[in-house]
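Undergrad: Mind looking over this structure? Questions follow.
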Amino acid sequence: MASIVQFENVGLRYGHGPETLSDLSFTLREGTFHFLLGASGAGKTSLLRLLYLAQRPSRGVIRLFGEDMVLSPRERLPGFRRRIGVVFQDFRLVPHLSARDNIALPLRVAGMPEEELAGPVAEMLAWVGLTDRADARPPTLSGGEQQRVAIARAVITRPEILVADEPTGNVDPIMAERLLKLFASLNRLGTTVVMATHDHHLLHRVPDALVMELDGGRLLDPRAAA
Amino acid sequence: MIGRAAVQPLLDDRQGRRAMVWIMAIMIFLTTLSAALGLSTQGAGRALDRQLAARLTVQVIEGDAARRDAVTAALLGRLRASADVARANEVDRARLAELLEPWLGEAGLDADLPMPAMIDVDLRSGDDATVARVEALAKAAGNGIRVDRHATWLAPVRAFVAALGWTALGLVLVMASATGAVVLLVARAGLDTHRGTIDILHMLGSTDLQIARLFQRRIGQDTLTGGLIGALAGALLVALLGQRMASLDSQLADGVSLQPLDWLVIALLPVAFTLLAMFAARVAVLRRLARVL
């Protein structure tokens with residue numbers, strides 16, 4: 001399998017503060033499933049931000065899809081971002097849009113004609129069990145429902161990489177298991193999944209999943225990622 | 001490209017939009033009045049030019065009434081024969097006496113009073129060469145001939161009209177600059193208000209241009225709506241003032257009117273301001289977005 005993500009001696013510093021991430025070197029292969037573990041403040045969210053191109057590293061090299069993201073001009077980043085699905089811990093849904101329109105947003109950004117949106121969006125709504133809540137706006141949805149909308153939005157374009165920050169943190173165990181199965185099925189279709197979690201019980205639910213653990217901004221066992 | 005259907009809810013701030021529409025309506029209302037003032041004074045200036053540049057008054061200054069009348073008759077004949085002259089008429093002496101009555105009283109009608117004869121001359125063209133030729137022709141008729149160009153003695157009026165026109169043009173430019181500045185502020189405020197949505201759009205792979213288009217389209221719609229309201233109100237006021245001015249029955253006010261082309265310029269103001277606002281919004285948004293990854 002070819003590598004889809006490659007970090008070489010990556011460090012990240014916010015402003016003039018100390019390094020949040022230090023000397024990260026690892027490779028993720030296409031179609032693999034990774035759990036990202038670490039205590040609060042270990043740098044999980046910072047690492048995910050680098051992965052979904054919200055941040056450039058302070059040092060080192062990051063290659064995604066075989067391209068150097070540090071040297072890549074800013075204008076090319078939207079094209080790469082469209083190949084990455086992101087599930088945020090705080091959902092980040094557009095509050096004025098219905099669940100349906102939030103899920104449709106990545107397709108609209110990608111330029112899909114309006115008349116072609118209905119099918120895929122309805123399929124995603126059914127997939128996350130929110131067909132009857134399609135017209136509800138995020139403030140009227142429960143935390144778990146919002147999380148499912150965020151997940152549906154992240155995967156509707158069938159991204160090559162899926163980055164998820166505590167995606168099961170706000171849902172009940174049954175829904176958590178269902179969502180994990182969702183991610184696993186996406187992974188079987190070829191999507192590389194990186195999922196940050198505190199829940200060690202989930203690790204055994206995905207066969208062949210690899211584990212990366214961060215501690216103080218450093219990867220404990222870099223070989224585990226490969 | 002993000003479809004129109006998604007635009008409204010994405011940048012949903014109805015209160016802010018209402019304010020923007022009314023700000024634009026007021027600005028374009030004032031711009032319409034300034035433009036109407038500028039265009040109408042320009043028209044008045046052109047009318048004055050037409051009326052004055054090709055007009056002369058020839059005075060025959062001669063103490064002996066018989067000799068004055070003879071010179072005047074000969075001069076009238078020569079002027080009427082000239083290809084440069086469209087019309088030449090002696091001013092009626094009774095009319096002259098009437099004009100002088102406030103200063104001379106009844107004495108103005110006294111045949112013994114050595115009053116000059118006056119000839120009104122309309123030229124075919126107001127250019128300097130024609131005026132010079134006719135002036136030379138008139139002066140060749142005798143020593144006591146004086147030629148007055150109407151343009152010379154009405155020059156201060158013409159200068160005042162021109163100054164009014166330039167002031168109005170200046171006002172239009174100031175209003176256009178102010179509109180641009182308002183749009184920049186609105187676009188920046190909009191970026192701050194919608195920062196969360198913009199972050200999400202960026203993360204989903206939106207380009208700066210896609211996001212700029214959302215703002216550009218919204219600000220364009222608001223400016224056009226406000227512009228149409230402002231321009232319509234301004235045009236109604238200008239038409240009303242035009243009617244009042246027409247009823248003044250003043251020769252000077254005759255030229256102060258808007259021609260069909262002027263009305264077209266006023267009608268295009270909302271469109272021009274909409275394009276200006278869209279451009280300003282695009283520049284503001286693109287500049288701001290260029291600072292983030």
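By convention here, the chains of the structure tokens are called A, B, ... in the order presented, each chain's residues are numbered starting at 1, and ligands are numbered starting at 1 in the order presented.
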Tell me which protein, DNA and RNA residues are within 7 Å of Thr32 of chain B, counting only C-alpha atoms, leaving out same-chain ones fewer than 3 positions away, and put them as number ranges by chain.
TA: B: 28-29, 35-36, 231, 234-235, 266
Undergrad: Which residues of chain A sit at most 9 Å from chain B, using only C-alpha atoms? Give each one's shortest atom pair and distance in Å (one decimal place), in chain and ascending residue order, as a tab-separated table.
TA:
```
residue	atom	partner	partner_atom	distance
A:Tyr52	CA	B:Met203	CA	7.6
A:Leu53	CA	B:Met203	CA	7.9
A:Ala54	CA	B:Leu293	CA	6.8
A:Gln55	CA	B:Leu293	CA	7.0
A:Arg56	CA	B:Leu293	CA	8.1
A:Arg74	CA	B:Leu293	CA	6.6
A:Glu75	CA	B:Thr207	CA	7.7
A:Leu77	CA	B:Gly205	CA	7.6
A:Pro78	CA	B:Gly205	CA	4.1
A:Gly79	CA	B:Gly205	CA	6.2
A:Phe80	CA	B:Gly205	CA	7.4
A:Arg81	CA	B:Gly205	CA	4.8
A:Arg82	CA	B:Gly205	CA	4.8
A:Arg83	CA	B:Gly205	CA	8.4
A:Ile84	CA	B:Leu204	CA	8.1
A:Gly85	CA	B:Leu204	CA	7.7
A:Val86	CA	B:Met203	CA	8.0
A:Arg92	CA	B:Ile200	CA	6.8
A:Leu93	CA	B:Ile200	CA	7.7
A:Val94	CA	B:Thr197	CA	6.0
A:Pro95	CA	B:Thr197	CA	8.7
A:His96	CA	B:Pro9	CA	5.6
A:Leu97	CA	B:Pro9	CA	6.0
A:Asp101	CA	B:Ala6	CA	7.7
A:Leu105	CA	B:Leu204	CA	8.0
A:Pro106	CA	B:Leu204	CA	5.8
A:Leu107	CA	B:Ile2	CA	8.8
A:Arg108	CA	B:Ile2	CA	5.1
A:Val109	CA	B:Ile2	CA	5.3
A:Ala110	CA	B:Met1	CA	6.8
A:Gly111	CA	B:Met1	CA	4.7
A:Met112	CA	B:Met1	CA	8.1
A:Pro113	CA	B:Gly3	CA	8.0
A:Glu114	CA	B:Gly3	CA	7.2
A:Ala154	CA	B:Leu204	CA	8.5
```
Undergrad: What does the file look like for those residues with C-alpha atoms, as a CSV table (one decimal), in the first residue's frame?
TA:
```
chain,number,residue,atom,x,y,z
A,52,TYR,CA,-6.7,18.6,7.8
A,53,LEU,CA,-4.6,21.5,6.7
A,54,ALA,CA,-5.8,24.1,9.2
A,55,GLN,CA,-2.2,24.7,10.2
A,56,ARG,CA,1.2,24.6,8.7
A,74,ARG,CA,-2.0,28.5,-0.4
A,75,GLU,CA,-4.2,28.4,-3.6
A,77,LEU,CA,-4.9,23.8,-0.3
A,78,PRO,CA,-8.7,23.9,-1.0
A,79,GLY,CA,-8.2,21.2,-3.6
A,80,PHE,CA,-6.5,19.0,-1.0
A,81,ARG,CA,-9.0,19.9,1.7
A,82,ARG,CA,-11.8,18.5,-0.4
A,83,ARG,CA,-10.1,15.1,-0.3
A,84,ILE,CA,-10.2,15.1,3.5
A,85,GLY,CA,-13.3,14.7,5.7
A,86,VAL,CA,-13.2,16.2,9.2
A,92,ARG,CA,-18.9,23.0,13.8
A,93,LEU,CA,-22.2,22.9,12.0
A,94,VAL,CA,-23.6,26.1,10.4
A,95,PRO,CA,-26.4,27.0,12.8
A,96,HIS,CA,-28.6,28.7,10.2
A,97,LEU,CA,-28.7,25.7,7.9
A,101,ASP,CA,-28.1,21.6,4.1
A,105,LEU,CA,-22.5,21.8,2.0
A,106,PRO,CA,-19.3,19.8,0.9
A,107,LEU,CA,-21.1,18.8,-2.3
A,108,ARG,CA,-22.1,22.4,-2.9
A,109,VAL,CA,-18.6,23.6,-2.3
A,110,ALA,CA,-17.4,20.9,-4.7
A,111,GLY,CA,-19.7,22.4,-7.3
A,112,MET,CA,-22.3,19.6,-7.6
A,113,PRO,CA,-25.5,20.8,-9.3
A,114,GLU,CA,-28.4,21.4,-7.0
A,154,ALA,CA,-17.5,14.6,6.7
```
Undergrad: In Å, how far is it from atom CA of Met1 of chain A to atom CA of Arg49 of chain A?
TA: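 Interatomic distance here is 24.5 Å.
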Undergrad: I'd like the neighbourhood of His201 of chain A as a PyMOL selection string, where a residue qualifies if any of its atoms comes within 12 Å (using only C-alpha atoms), though same-chain residues fewer than 3 positions away should be ignored.
TA: chain A and resi 35+37+168+173+176-177+180+197-198+204-206
Undergrad: What are the DSSP helix (DSSP H, G or I) residues of segment 24-206 of chain A, as a count of residues only?
TA: 81
Undergrad: Which residues, written as an MDAnalysis selection string, have at least one atom at most 9 Å from segment 169-174 of chain B, with only C-alpha atoms counted and residues fewer than 6 positions away on the same chain left out?
TA: chainID B and resid 30:32 34:35 37:39
Undergrad: Which of segment 126-286 of chain B end up as strand (DSSP E) when DSSP is run on this backbone - answer as a PyMOL selection string?
TA: chain B and resi 145-149
Undergrad: Deliver the residues from the most recent selection as a file, using N, CA and C atoms, as a PDB file, in the first residue's frame.
TA:
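File written: again16.pdb
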```pdb
ATOM      1  N   ILE B 145     -18.267 102.924 -33.917  1.00  0.00           N
ATOM      2  CA  ILE B 145     -18.902 101.586 -33.823  1.00  0.00           C
ATOM      3  C   ILE B 145     -18.262 100.815 -32.669  1.00  0.00           C
ATOM      4  N   ARG B 146     -19.113 100.261 -31.809  1.00  0.00           N
ATOM      5  CA  ARG B 146     -18.593  99.430 -30.717  1.00  0.00           C
ATOM      6  C   ARG B 146     -19.318  98.077 -30.754  1.00  0.00           C
ATOM      7  N   VAL B 147     -18.530  97.036 -30.623  1.00  0.00           N
ATOM      8  CA  VAL B 147     -19.123  95.689 -30.691  1.00  0.00           C
ATOM      9  C   VAL B 147     -18.984  95.025 -29.313  1.00  0.00           C
ATOM     10  N   ASP B 148     -20.097  94.570 -28.755  1.00  0.00           N
ATOM     11  CA  ASP B 148     -20.072  93.856 -27.452  1.00  0.00           C
ATOM     12  C   ASP B 148     -20.431  92.382 -27.663  1.00  0.00           C
ATOM     13  N   ARG B 149     -19.574  91.529 -27.151  1.00  0.00           N
ATOM     14  CA  ARG B 149     -19.902  90.082 -27.198  1.00  0.00           C
ATOM     15  C   ARG B 149     -20.695  89.761 -25.938  1.00  0.00           C
TER      16      ARG B 149
END
```
Undergrad: Hey, what's within 10 Å of Gly43 of chain A if we count only C-alpha atoms and toss same-chain stuff fewer than 2 positions away? As an NGL selection string, please?
TA: :A and (12 or 19-22 or 37-41 or 45-49 or 213-219)
Undergrad: What's the separation between atom CA of Leu224 of chain B and atom CA of Leu261 of chain B, in Å to one decimal place?
TA: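 Computed distance, atom CA of Leu224 of chain B to atom CA of Leu261 of chain B, equals 21.1 Å.
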Undergrad: From the set B:Leu76, B:Leu258, B:Leu237, B:Leu100, which residue has the shortest atom-to-atom contact distance to Gln42 of chain B, counting only C-alpha atoms?
TA: B:Leu258
